[in-house]
>>> print(open('query-v4.txt').read())   # compact mmCIF, C-alpha atoms
# COMPACT_ATOMS: atom_id res chain seq x y z
CA MET A 1016 0.00 0.00 0.00
CA GLY A 1017 1.17 3.55 -0.59
CA MET A 1018 0.88 6.85 1.19
CA TRP A 1019 -2.83 6.99 0.25
CA TYR A 1020 -3.43 4.13 2.68
CA TRP A 1021 -2.33 6.20 5.65
CA TRP A 1022 -4.49 9.14 4.60
CA THR A 1023 -7.44 6.77 4.24
CA LEU A 1024 -6.67 5.40 7.69
CA LEU A 1025 -6.64 8.93 9.12
CA GLY A 1026 -10.03 9.64 7.54
CA MET A 1027 -11.46 6.35 8.81
CA ALA A 1028 -10.11 7.04 12.30
CA LEU A 1029 -11.71 10.51 12.39
CA VAL A 1030 -15.16 9.49 11.15
CA THR A 1031 -15.17 6.57 13.60
CA TYR A 1032 -14.07 8.66 16.57
CA ILE A 1033 -16.47 11.58 16.10
CA PRO A 1034 -19.73 9.62 16.66
CA ARG A 1035 -18.13 8.03 19.72
CA ALA A 1036 -16.78 11.16 21.36
CA PHE A 1037 -19.16 13.94 20.35
CA PRO A 1038 -22.24 12.98 22.44
CA LEU A 1039 -20.19 11.93 25.48
CA THR A 1040 -18.22 15.19 25.63
CA PHE A 1041 -20.80 17.60 24.23
CA LEU A 1042 -23.69 16.41 26.42
CA GLU A 1043 -21.59 16.32 29.61
CA GLY A 1044 -23.37 18.17 32.40
CA LYS A 1045 -26.39 18.96 30.23
CA GLU A 1046 -29.85 18.12 31.55
CA LEU A 1047 -31.99 16.67 28.75
CA PRO A 1048 -35.80 16.87 28.56
CA PRO A 1049 -37.38 13.84 30.32
CA VAL A 1050 -38.80 12.47 27.06
CA VAL A 1051 -35.37 12.46 25.43
CA SER A 1052 -33.63 10.83 28.38
CA GLY A 1053 -36.49 8.30 28.52
CA VAL A 1054 -35.84 7.35 24.91
CA LEU A 1055 -32.09 7.23 25.54
CA ARG A 1056 -32.63 4.88 28.50
CA ASN A 1057 -34.49 2.52 26.14
CA ILE A 1058 -31.67 2.36 23.62
CA PRO A 1059 -29.46 -0.32 25.23
CA PHE A 1060 -32.27 -2.90 25.16
CA ALA A 1061 -33.47 -1.97 21.68
CA VAL A 1062 -29.94 -2.01 20.27
CA LEU A 1063 -29.28 -5.46 21.79
CA GLY A 1064 -32.39 -6.78 20.05
CA ALA A 1065 -31.24 -5.35 16.73
CA LEU A 1066 -27.63 -6.51 17.16
CA ILE A 1067 -28.73 -10.06 17.96
CA PHE A 1068 -31.44 -10.57 15.39
CA PRO A 1069 -31.26 -11.63 12.63
CA ALA A 1070 -27.41 -11.65 12.52
CA ILE A 1071 -27.16 -14.50 15.08
CA LEU A 1072 -28.86 -16.84 12.60
CA TYR A 1073 -26.22 -16.20 9.95
CA VAL A 1074 -22.94 -16.59 11.84
CA GLN A 1075 -22.24 -19.46 9.45
CA GLN A 1076 -23.74 -18.11 6.25
CA ASP A 1077 -24.31 -21.46 4.57
CA ASN A 1078 -25.66 -23.20 7.65
CA LEU A 1079 -28.83 -21.81 9.21
CA LEU A 1080 -29.13 -24.78 11.59
CA PHE A 1081 -25.81 -23.79 13.16
CA GLY A 1082 -27.13 -20.31 13.96
CA LEU A 1083 -30.41 -21.74 15.23
CA ILE A 1084 -28.69 -24.12 17.62
CA GLY A 1085 -26.46 -21.28 18.82
CA THR A 1086 -29.50 -19.07 19.41
CA VAL A 1087 -31.38 -21.72 21.39
CA VAL A 1088 -28.34 -22.66 23.50
CA ALA A 1089 -27.41 -19.02 24.20
CA PHE A 1090 -30.95 -18.09 25.29
CA GLY A 1091 -31.31 -21.30 27.29
CA LEU A 1092 -28.05 -20.71 29.16
CA ALA A 1093 -28.90 -17.04 29.70
CA PHE A 1094 -32.28 -17.95 31.25
CA LEU A 1095 -30.65 -20.54 33.51
CA PHE A 1096 -27.50 -18.76 34.64
CA SER A 1097 -27.58 -14.98 33.94
CA ASN A 1098 -23.79 -15.00 33.90
CA VAL A 1099 -22.34 -13.68 30.64
CA MET A 1100 -19.19 -15.80 30.70
CA VAL A 1101 -21.18 -19.00 31.23
CA VAL A 1102 -23.38 -18.08 28.27
CA VAL A 1103 -20.45 -17.25 25.97
CA LEU A 1104 -18.25 -20.24 26.83
CA GLY A 1105 -21.18 -22.66 27.07
CA THR A 1106 -22.50 -21.71 23.63
CA ILE A 1107 -19.04 -21.94 22.07
CA GLY A 1108 -18.59 -25.35 23.72
CA VAL A 1109 -21.85 -26.78 22.42
CA LEU A 1110 -21.22 -25.49 18.90
CA ALA A 1111 -17.64 -26.78 18.93
CA VAL A 1112 -18.93 -30.27 19.70
CA TYR A 1113 -21.61 -29.88 17.03
CA SER A 1114 -19.03 -28.82 14.38
CA LEU A 1115 -16.72 -31.68 15.34
CA ILE A 1116 -19.49 -34.23 14.86
CA PHE A 1117 -21.11 -32.84 11.69
CA MET B 1338 -15.25 -6.58 44.27
CA ASN B 1339 -17.52 -3.59 43.73
CA ASN B 1340 -18.56 -2.39 40.32
CA ARG B 1341 -16.57 0.80 40.45
CA SER B 1342 -12.99 -0.31 40.10
CA PHE B 1343 -10.72 -0.64 37.09
CA LEU B 1344 -10.20 -4.33 37.91
CA SER B 1345 -13.89 -5.17 37.92
CA GLY B 1346 -14.08 -3.36 34.56
CA LEU B 1347 -11.36 -5.61 33.18
CA LYS B 1348 -13.27 -8.61 34.48
CA ALA B 1349 -16.55 -7.48 32.95
CA GLY B 1350 -14.74 -6.98 29.64
CA ILE B 1351 -13.26 -10.49 29.43
CA SER B 1352 -16.23 -11.85 27.48
CA ILE B 1353 -15.67 -9.11 24.88
CA ALA B 1354 -11.98 -9.98 24.66
CA ILE B 1355 -12.89 -13.63 24.07
CA GLY B 1356 -15.42 -12.65 21.43
CA TYR B 1357 -12.93 -10.39 19.64
CA PHE B 1358 -10.23 -13.06 19.54
CA PRO B 1359 -11.46 -14.98 16.45
CA VAL B 1360 -12.78 -11.84 14.73
CA ALA B 1361 -9.48 -9.95 15.09
CA LEU B 1362 -7.43 -13.02 14.18
CA THR B 1363 -9.42 -13.40 10.96
CA PHE B 1364 -9.11 -9.68 10.25
CA GLY B 1365 -5.30 -9.90 10.53
CA LEU B 1366 -5.28 -12.88 8.20
CA LEU B 1367 -7.57 -11.24 5.63
CA ALA B 1368 -5.57 -8.00 5.79
CA LYS B 1369 -2.47 -9.99 4.91
CA THR B 1370 -4.16 -11.63 1.92
CA THR B 1371 -5.44 -8.17 0.84
CA GLY B 1372 -1.80 -7.04 0.73
CA LEU B 1373 -1.53 -4.97 3.89
CA SER B 1374 1.76 -5.13 5.80
CA ILE B 1375 1.64 -6.06 9.47
CA TRP B 1376 2.08 -2.38 10.37
CA GLU B 1377 -0.71 -1.27 8.08
CA ALA B 1378 -3.09 -3.93 9.39
CA THR B 1379 -2.27 -3.39 13.06
CA ALA B 1380 -2.37 0.40 12.66
CA MET B 1381 -5.93 0.11 11.40
CA SER B 1382 -6.93 -1.82 14.51
CA ILE B 1383 -5.05 0.67 16.70
CA PHE B 1384 -6.44 3.89 15.21
CA VAL B 1385 -9.82 2.95 13.76
CA TYR B 1386 -10.93 0.10 16.08
CA ALA B 1387 -14.24 -0.78 14.45
CA GLY B 1388 -14.78 -4.38 13.39
CA ALA B 1389 -17.45 -4.09 10.71
CA ALA B 1390 -15.88 -0.99 9.16
CA GLN B 1391 -12.43 -2.58 9.06
CA TYR B 1392 -13.70 -5.72 7.34
CA MET B 1393 -15.60 -3.61 4.84
CA SER B 1394 -12.56 -1.46 4.10
CA LEU B 1395 -10.55 -4.58 3.16
CA THR B 1396 -13.17 -5.48 0.56
CA LEU B 1397 -13.16 -1.93 -0.79
CA ILE B 1398 -9.35 -1.69 -0.83
CA SER B 1399 -9.06 -4.96 -2.73
CA LYS B 1400 -11.51 -3.61 -5.31
CA GLY B 1401 -9.50 -0.38 -5.69
CA VAL B 1402 -12.37 1.82 -4.48
CA ASP B 1403 -11.72 5.57 -4.10
CA PRO B 1404 -10.37 6.30 -0.56
CA ILE B 1405 -12.98 9.02 -0.07
CA LEU B 1406 -15.70 6.42 -0.57
CA ILE B 1407 -13.99 4.12 1.91
CA VAL B 1408 -14.03 6.90 4.52
CA LEU B 1409 -17.67 7.74 3.73
CA ASN B 1410 -18.71 4.09 4.08
CA THR B 1411 -16.85 3.88 7.38
CA PHE B 1412 -18.84 6.85 8.66
CA VAL B 1413 -22.16 5.33 7.58
CA VAL B 1414 -21.35 2.01 9.26
CA ASN B 1415 -20.38 3.76 12.52
CA ILE B 1416 -23.06 6.43 12.68
CA ARG B 1417 -25.06 4.28 15.14
CA HIS B 1418 -22.44 5.07 17.77
CA PHE B 1419 -23.94 8.58 18.02
CA LEU B 1420 -27.00 6.96 19.48
CA MET B 1421 -25.08 4.66 21.80
CA THR B 1422 -22.78 7.30 23.27
CA ALA B 1423 -25.70 9.72 23.73
CA ALA B 1424 -27.50 6.96 25.65
CA LEU B 1425 -24.36 6.06 27.59
CA ASN B 1426 -23.81 9.68 28.59
CA GLU B 1427 -26.98 9.46 30.72
CA LYS B 1428 -25.47 6.58 32.69
CA MET B 1429 -21.86 7.69 33.04
CA GLN B 1430 -20.43 9.32 36.13
CA SER B 1431 -19.82 13.03 35.55
CA GLU B 1432 -16.24 13.51 34.44
CA LYS B 1433 -13.83 15.96 32.80
CA ARG B 1434 -14.41 16.19 29.07
CA TRP B 1435 -10.92 15.16 28.04
CA ILE B 1436 -11.15 11.99 30.13
CA LYS B 1437 -14.49 11.12 28.52
CA GLY B 1438 -12.87 11.94 25.18
CA ILE B 1439 -10.30 9.24 25.88
CA TYR B 1440 -12.57 6.36 26.91
CA ALA B 1441 -15.06 7.39 24.19
CA PHE B 1442 -12.54 5.91 21.75
CA GLY B 1443 -13.18 2.48 23.31
CA ILE B 1444 -16.96 2.50 22.79
CA THR B 1445 -18.01 -0.30 20.46
CA ASP B 1446 -21.28 -2.21 20.11
CA GLU B 1447 -19.88 -4.67 22.62
CA SER B 1448 -18.37 -2.35 25.24
CA PHE B 1449 -21.49 -0.19 25.01
CA SER B 1450 -23.70 -3.22 25.67
CA VAL B 1451 -21.66 -4.29 28.69
CA LEU B 1452 -21.63 -0.78 30.17
CA ALA B 1453 -25.24 0.09 29.43
CA THR B 1454 -26.63 -3.09 31.01
CA GLN B 1455 -24.81 -2.61 34.33
CA LYS B 1456 -27.26 -2.48 37.21
CA ASP B 1457 -25.53 0.45 38.90
CA LYS B 1458 -27.29 3.76 38.71
CA LYS B 1459 -24.11 5.50 37.56
CA ILE B 1460 -21.09 3.89 35.96
CA ALA B 1461 -17.71 4.87 37.38
CA THR B 1462 -15.02 6.05 34.99
CA PRO B 1463 -12.36 3.47 36.05
CA PHE B 1464 -14.84 0.65 35.41
CA ALA B 1465 -15.54 1.95 31.89
CA VAL B 1466 -11.82 2.32 31.21
CA GLY B 1467 -11.25 -1.28 32.34
CA VAL B 1468 -13.95 -2.66 30.05
CA ALA B 1469 -12.70 -0.61 27.10
CA LEU B 1470 -9.04 -1.42 27.65
CA ILE B 1471 -9.28 -5.22 27.77
CA ALA B 1472 -11.50 -5.31 24.68
CA TYR B 1473 -9.22 -2.95 22.76
CA SER B 1474 -6.08 -4.89 23.73
CA SER B 1475 -7.61 -8.13 22.49
CA TRP B 1476 -8.57 -6.48 19.19
CA VAL B 1477 -5.12 -4.98 18.54
CA VAL B 1478 -3.00 -7.89 19.74
CA PHE B 1479 -4.96 -10.57 17.86
CA THR B 1480 -4.98 -8.50 14.65
CA ALA B 1481 -1.19 -8.62 14.73
CA VAL B 1482 -1.15 -12.29 15.71
CA GLY B 1483 -3.51 -13.14 12.84
CA HIS B 1484 -1.23 -11.38 10.40
CA VAL B 1485 1.91 -13.08 11.74
CA ILE B 1486 0.73 -16.66 11.99
CA GLY B 1487 -1.33 -16.20 8.82
CA ALA B 1488 -3.29 -19.31 9.65
CA ASN B 1489 -6.75 -19.82 10.95
CA LEU B 1490 -7.85 -21.59 14.07
CA PRO B 1491 -9.00 -25.16 13.45
CA ALA B 1492 -12.19 -24.93 11.36
CA PHE B 1493 -14.49 -26.40 14.02
CA LEU B 1494 -13.26 -23.96 16.68
CA GLN B 1495 -13.44 -20.98 14.36
CA ALA B 1496 -17.01 -21.88 13.47
CA ALA B 1497 -17.96 -22.30 17.13
CA MET B 1498 -16.33 -19.02 18.15
CA SER B 1499 -18.22 -17.07 15.50
CA ILE B 1500 -21.18 -17.18 17.90
CA ALA B 1501 -19.24 -15.60 20.79
CA LEU B 1502 -20.25 -11.94 20.40
CA TYR B 1503 -23.90 -12.80 19.82
CA ALA B 1504 -23.95 -15.14 22.80
CA MET B 1505 -22.58 -12.25 24.82
CA PHE B 1506 -25.35 -9.93 23.63
CA VAL B 1507 -27.91 -12.59 24.62
CA GLY B 1508 -26.22 -13.02 28.00
CA LEU B 1509 -26.45 -9.28 28.60
CA LEU B 1510 -30.04 -8.91 27.41
CA VAL B 1511 -31.86 -11.86 28.98
CA PRO B 1512 -31.24 -11.03 32.68
CA SER B 1513 -32.63 -7.51 32.04
CA MET B 1514 -35.71 -9.03 30.36
CA ARG B 1515 -36.73 -10.97 33.46
CA GLY B 1516 -39.90 -9.50 34.92
CA ASN B 1517 -39.59 -6.39 32.80
CA ARG B 1518 -42.07 -6.33 29.97
CA LYS B 1519 -40.78 -3.01 28.65
CA VAL B 1520 -37.29 -4.41 28.06
CA VAL B 1521 -38.79 -7.44 26.30
CA MET B 1522 -40.90 -5.19 24.05
CA LEU B 1523 -37.95 -2.90 23.26
CA ALA B 1524 -35.71 -5.78 22.19
CA LEU B 1525 -38.43 -7.66 20.29
CA LEU B 1526 -39.64 -4.66 18.34
CA ALA B 1527 -36.12 -3.57 17.38
CA ALA B 1528 -35.28 -7.14 16.33
CA MET B 1529 -38.41 -7.32 14.18
CA ILE B 1530 -37.78 -3.97 12.48
CA ASN B 1531 -34.13 -4.89 11.89
CA GLY B 1532 -35.22 -8.25 10.46
CA PHE B 1533 -37.62 -6.48 8.15
CA PHE B 1534 -34.85 -4.24 6.73
CA TYR B 1535 -32.48 -7.19 6.52
CA TRP B 1536 -34.78 -9.47 4.52
CA THR B 1537 -36.22 -6.76 2.31
CA GLN B 1538 -32.69 -5.35 1.84
CA LEU B 1539 -34.13 -1.85 2.09
CA LEU B 1540 -31.28 -0.61 4.30
CA SER B 1541 -27.64 -1.56 4.80
CA THR B 1542 -26.76 -3.15 8.15
CA GLY B 1543 -25.42 0.03 9.78
CA TRP B 1544 -28.51 2.11 8.95
CA SER B 1545 -30.86 -0.75 9.69
CA ILE B 1546 -29.60 -1.15 13.27
CA LEU B 1547 -29.75 2.60 13.76
CA VAL B 1548 -33.32 2.97 12.47
CA ALA B 1549 -34.60 -0.16 14.26
CA THR B 1550 -33.10 0.97 17.59
CA LEU B 1551 -34.43 4.49 17.35
CA ALA B 1552 -37.89 3.49 16.13
CA SER B 1553 -38.32 0.89 18.87
CA SER B 1554 -37.03 3.20 21.63
CA ILE B 1555 -39.32 6.05 20.61
CA PHE B 1556 -42.42 3.96 19.92
CA ILE B 1557 -42.24 2.00 23.19
CA GLU B 1558 -41.53 5.21 25.12
CA ILE B 1559 -44.67 6.82 23.69
CA ILE B 1560 -46.80 3.80 24.62
CA TYR B 1561 -45.45 3.65 28.16
CA ALA B 1562 -45.70 7.42 28.62
CA LYS B 1563 -49.40 7.19 27.77
CA ARG B 1564 -49.84 4.40 30.30
CA GLY B 1565 -47.84 6.35 32.86
CA LYS B 1566 -45.44 3.48 33.43
CA ASN B 1567 -41.72 3.65 33.02
CA LEU B 1568 -38.47 1.86 33.59
CA PRO B 1569 -37.34 1.95 37.18
CA LYS B 1570 -34.42 4.30 37.68
CA GLY B 1571 -31.05 2.72 37.16
CA VAL B 1572 -32.28 0.13 34.68
>>> encode(input="query-v4.txt", output="C-alpha cells")
Amino acid sequence: MGMWYWWTLLGMALVTYIPRAFPLTFLEGKELPPVVSGVLRNIPFAVLGALIFPAILYVQQDNLLFGLIGTVVAFGLAFLFSNVMVVVLGTIGVLAVYSLIF
Amino acid sequence: MNNRSFLSGLKAGISIAIGYFPVALTFGLLAKTTGLSIWEATAMSIFVYAGAAQYMSLTLISKGVDPILIVLNTFVVNIRHFLMTAALNEKMQSEKRWIKGIYAFGITDESFSVLATQKDKKIATPFAVGVALIAYSSWVVFTAVGHVIGANLPAFLQAAMSIALYAMFVGLLVPSMRGNRKVVMLALLAAMINGFFYWTQLLSTGWSILVATLASSIFIEIIYAKRGKNLPKGV
C-alpha cells in the first residue's frame, strides 16, 4: 500500500471517533428533557435486540441450523444462569462439539 | 469486588476480549491476503478500532475503491455510535471532558452493551476504562497475531467461536428481560424492524440497526408514557 493508505486510515479514524466522542463530551453536564432521556434509556435494550437478530442466525452463512442451535443454546443458558461468561463459553462449547461431529 | 474499580471493569470486559479473539485473528489474516503489511493492518486496529468498518474497508481496498468512498462508508457504518454514546452519557459518572474523550474511543457495540446493562445507577469512569481497555487490547493484539501466523484456528473452533459476540449480547439482554415487559418489548420490536430491513434489503446493516433501535425506543416510550409506566431508575 502507498501513502494513500495512511491518509485513508486517518479519515477512517476521524469518522469513527467523532460519533463516539461527540455525544459523550458535548452532552456532559447537560440536563436533557425527560422524554429524550427516557428514549435514551431505552436504547441499550433496543440495540441489543437489533444486534442479535437476525445476525445471530447467519454466523455461518451457509448453515442456518448452526445459527439456530447457537440461538437456542445461548438463550437457554442465559435464562438458567444470567452469567455472561457461562453463556459465551457454554454456547461456544456446544457449537464446537456440534461442528466436530457434523 | 464492587462495580466501580478498574479491575472489575477488566473482568466485565473479558467476554468481549474472548469474542474479539477470532474476529481480530481473521481480520489480521484477511488484511495480509489483501496485501496490507503487518504495520498497516495493526495500525488500522489501533487507530480505527471498528470491526465491521475494518472488514468492509478490506473489501473496498481490494476492489480499488476511491479512498474518499472508503471513509464515507466507514462513517455510515459507525453512525449508530452517536445513538449509543448519547445513551451512555446518561449513565456515566460526571467527568472531565478530556477523560471522557479518551474512553469514548473504546466505545463499540460490545463495550457499550456491557456498560449500558450494568445495574448500577451510575457507571464509574475506572470501570468503563477497564472494560474498554481489555476489549481494545484483544482487538489490537490478535490482529497482529492473525497477520503473523497467517493461519486460521482449526475450522471447528473458528465456526464455534463465530457465535461468541452474539452469545454475549444474549447473556447481557436476557437477565434484564426478566420481569420487565418493557425491556422485552424494546428488544423484540427492534429485532423485528431490523429483520424487516435485513430481509427486504431496504437498508444496509449500519442504517438498519440505527433505524430499528431508534424506532423501537421512541415507539415504546410513547406507549409507556401514555400508560404512565416507566423503567425503574437505574435500569
>>> residues_around(input="query-v4.txt", residues="Ile1071 of chain A", least_positions_apart="5", cutoff="9 Å", atoms="all atoms listed in the file", output="PyMOL selection string")
(chain A and resi 1066+1082-1083+1085-1086) or (chain B and resi 1500+1503-1504)
>>> residues_around(input="query-v4.txt", residues="segment 1095-1109 of chain A", least_positions_apart="6", cutoff="6 Å", atoms="all atoms listed in the file", output="JSON, numbers by chain")
{"A": [1088, 1089], "B": [1352, 1497, 1498, 1501, 1504, 1505, 1508, 1512]}
>>> residues_around(input="query-v4.txt", residues="Ala1028 of chain A", least_positions_apart="2", cutoff="8 Å", atoms="all atoms listed in the file", output="PyMOL selection string")
(chain A and resi 1024-1026+1030-1032) or (chain B and resi 1384-1386)
>>> closest_residue(input="query-v4.txt", among="A:Leu1080, A:Leu1039, A:Val1051, A:Leu1072", to="chain B", atoms="only C-alpha atoms")
A:Leu1039
>>> closest_residue(input="query-v4.txt", among="B:Pro1404, B:Asn1410, B:Phe1534, B:Val1478", to="chain A", atoms="only C-alpha atoms")
B:Pro1404
>>> atom_distance(input="query-v4.txt", atom1="atom CA of Leu1397 of chain B", atom2="atom CA of Ile1444 of chain B")
24.3 Å
>>> atom_distance(input="query-v4.txt", atom1="atom CA of Gln1075 of chain A", atom2="atom CA of Leu1494 of chain B")
12.4 Å
>>> closest_residue(input="query-v4.txt", among="B:Ala1528, B:Met1522, B:Ile1460, B:Val1507", to="Val1087 of chain A", atoms="all atoms listed in the file")
B:Val1507
>>> atom_distance(input="query-v4.txt", atom1="atom CA of Ala1368 of chain B", atom2="atom CA of Val1468 of chain B")
26.2 Å
>>> closest_residue(input="query-v4.txt", among="A:Leu1092, A:Val1054, A:Pro1049, A:Ala1065", to="Trp1544 of chain B", atoms="only C-alpha atoms")
A:Ala1065
>>> residues_around(input="query-v4.txt", residues="segment 1356-1364 of chain B", least_positions_apart="2", cutoff="8 Å", atoms="only C-alpha atoms", output="number ranges by chain")
B: 1352-1354, 1366-1368, 1388, 1391-1392, 1472, 1475-1477, 1479-1484, 1489-1490, 1495, 1498-1499, 1501-1502, 1505
>>> closest_residue(input="query-v4.txt", among="B:Phe1556, B:Tyr1535, B:Tyr1561, B:Phe1493", to="Leu1110 of chain A", atoms="only C-alpha atoms")
B:Phe1493
>>> closest_residue(input="query-v4.txt", among="B:Ser1394, B:Asn1531, B:Ser1554, B:Thr1462", to="Ile1067 of chain A", atoms="only C-alpha atoms")
B:Asn1531
>>> residues_near_point(input="query-v4.txt", point="(-23.6, 16.5, 32.6)", cutoff="12 Å", atoms="all atoms listed in the file", output="number ranges by chain")
A: 1038-1047; B: 1423, 1425-1434, 1437
>>> decode(input="query-v4.txt", residues="segment 1095-1116 of chain A", atoms="N, CA and C atoms", output="mmCIF file, in the first residue's frame")
data_model
loop_
_atom_site.group_PDB
_atom_site.id
_atom_site.type_symbol
_atom_site.label_atom_id
_atom_site.label_comp_id
_atom_site.auth_asym_id
_atom_site.auth_seq_id
_atom_site.Cartn_x
_atom_site.Cartn_y
_atom_site.Cartn_z
ATOM 1 N N LEU A 1095 -31.016 -19.712 32.364
ATOM 2 C CA LEU A 1095 -30.648 -20.539 33.509
ATOM 3 C C LEU A 1095 -29.631 -19.859 34.419
ATOM 4 N N PHE A 1096 -28.644 -19.181 33.823
ATOM 5 C CA PHE A 1096 -27.504 -18.759 34.639
ATOM 6 C C PHE A 1096 -27.324 -17.245 34.821
ATOM 7 N N SER A 1097 -27.827 -16.433 33.943
ATOM 8 C CA SER A 1097 -27.584 -14.981 33.942
ATOM 9 C C SER A 1097 -26.143 -14.609 34.312
ATOM 10 N N ASN A 1098 -25.203 -15.367 33.794
ATOM 11 C CA ASN A 1098 -23.794 -15.002 33.897
ATOM 12 C C ASN A 1098 -23.224 -15.006 32.476
ATOM 13 N N VAL A 1099 -22.719 -13.851 32.044
ATOM 14 C CA VAL A 1099 -22.344 -13.681 30.636
ATOM 15 C C VAL A 1099 -21.269 -14.672 30.196
ATOM 16 N N MET A 1100 -20.277 -14.892 31.084
ATOM 17 C CA MET A 1100 -19.190 -15.796 30.704
ATOM 18 C C MET A 1100 -19.688 -17.222 30.493
ATOM 19 N N VAL A 1101 -20.607 -17.656 31.369
ATOM 20 C CA VAL A 1101 -21.177 -19.001 31.229
ATOM 21 C C VAL A 1101 -21.901 -19.112 29.889
ATOM 22 N N VAL A 1102 -22.640 -18.065 29.528
ATOM 23 C CA VAL A 1102 -23.384 -18.077 28.273
ATOM 24 C C VAL A 1102 -22.425 -18.146 27.078
ATOM 25 N N VAL A 1103 -21.393 -17.310 27.101
ATOM 26 C CA VAL A 1103 -20.449 -17.250 25.968
ATOM 27 C C VAL A 1103 -19.699 -18.576 25.823
ATOM 28 N N LEU A 1104 -19.067 -19.025 26.917
ATOM 29 C CA LEU A 1104 -18.250 -20.238 26.831
ATOM 30 C C LEU A 1104 -19.107 -21.477 26.598
ATOM 31 N N GLY A 1105 -20.279 -21.523 27.238
ATOM 32 C CA GLY A 1105 -21.176 -22.663 27.066
ATOM 33 C C GLY A 1105 -21.642 -22.802 25.624
ATOM 34 N N THR A 1106 -22.019 -21.664 25.008
ATOM 35 C CA THR A 1106 -22.502 -21.711 23.629
ATOM 36 C C THR A 1106 -21.372 -22.114 22.680
ATOM 37 N N ILE A 1107 -20.187 -21.554 22.897
ATOM 38 C CA ILE A 1107 -19.036 -21.939 22.072
ATOM 39 C C ILE A 1107 -18.785 -23.443 22.209
ATOM 40 N N GLY A 1108 -18.841 -23.938 23.460
ATOM 41 C CA GLY A 1108 -18.588 -25.353 23.716
ATOM 42 C C GLY A 1108 -19.558 -26.262 22.968
ATOM 43 N N VAL A 1109 -20.834 -25.955 23.084
ATOM 44 C CA VAL A 1109 -21.851 -26.784 22.423
ATOM 45 C C VAL A 1109 -21.656 -26.763 20.902
ATOM 46 N N LEU A 1110 -21.392 -25.592 20.354
ATOM 47 C CA LEU A 1110 -21.223 -25.492 18.899
ATOM 48 C C LEU A 1110 -19.920 -26.142 18.426
ATOM 49 N N ALA A 1111 -18.895 -26.117 19.287
ATOM 50 C CA ALA A 1111 -17.636 -26.778 18.929
ATOM 51 C C ALA A 1111 -17.874 -28.279 18.799
ATOM 52 N N VAL A 1112 -18.607 -28.839 19.764
ATOM 53 C CA VAL A 1112 -18.934 -30.269 19.699
ATOM 54 C C VAL A 1112 -19.768 -30.560 18.450
ATOM 55 N N TYR A 1113 -20.757 -29.707 18.210
ATOM 56 C CA TYR A 1113 -21.608 -29.877 17.028
ATOM 57 C C TYR A 1113 -20.762 -29.870 15.750
ATOM 58 N N SER A 1114 -19.820 -28.901 15.620
ATOM 59 C CA SER A 1114 -19.035 -28.823 14.380
ATOM 60 C C SER A 1114 -18.065 -29.976 14.247
ATOM 61 N N LEU A 1115 -17.630 -30.517 15.401
ATOM 62 C CA LEU A 1115 -16.719 -31.676 15.337
ATOM 63 C C LEU A 1115 -17.450 -32.900 14.809
ATOM 64 N N ILE A 1116 -18.732 -33.041 15.218
ATOM 65 C CA ILE A 1116 -19.495 -34.234 14.856
ATOM 66 C C ILE A 1116 -20.001 -34.153 13.416
#
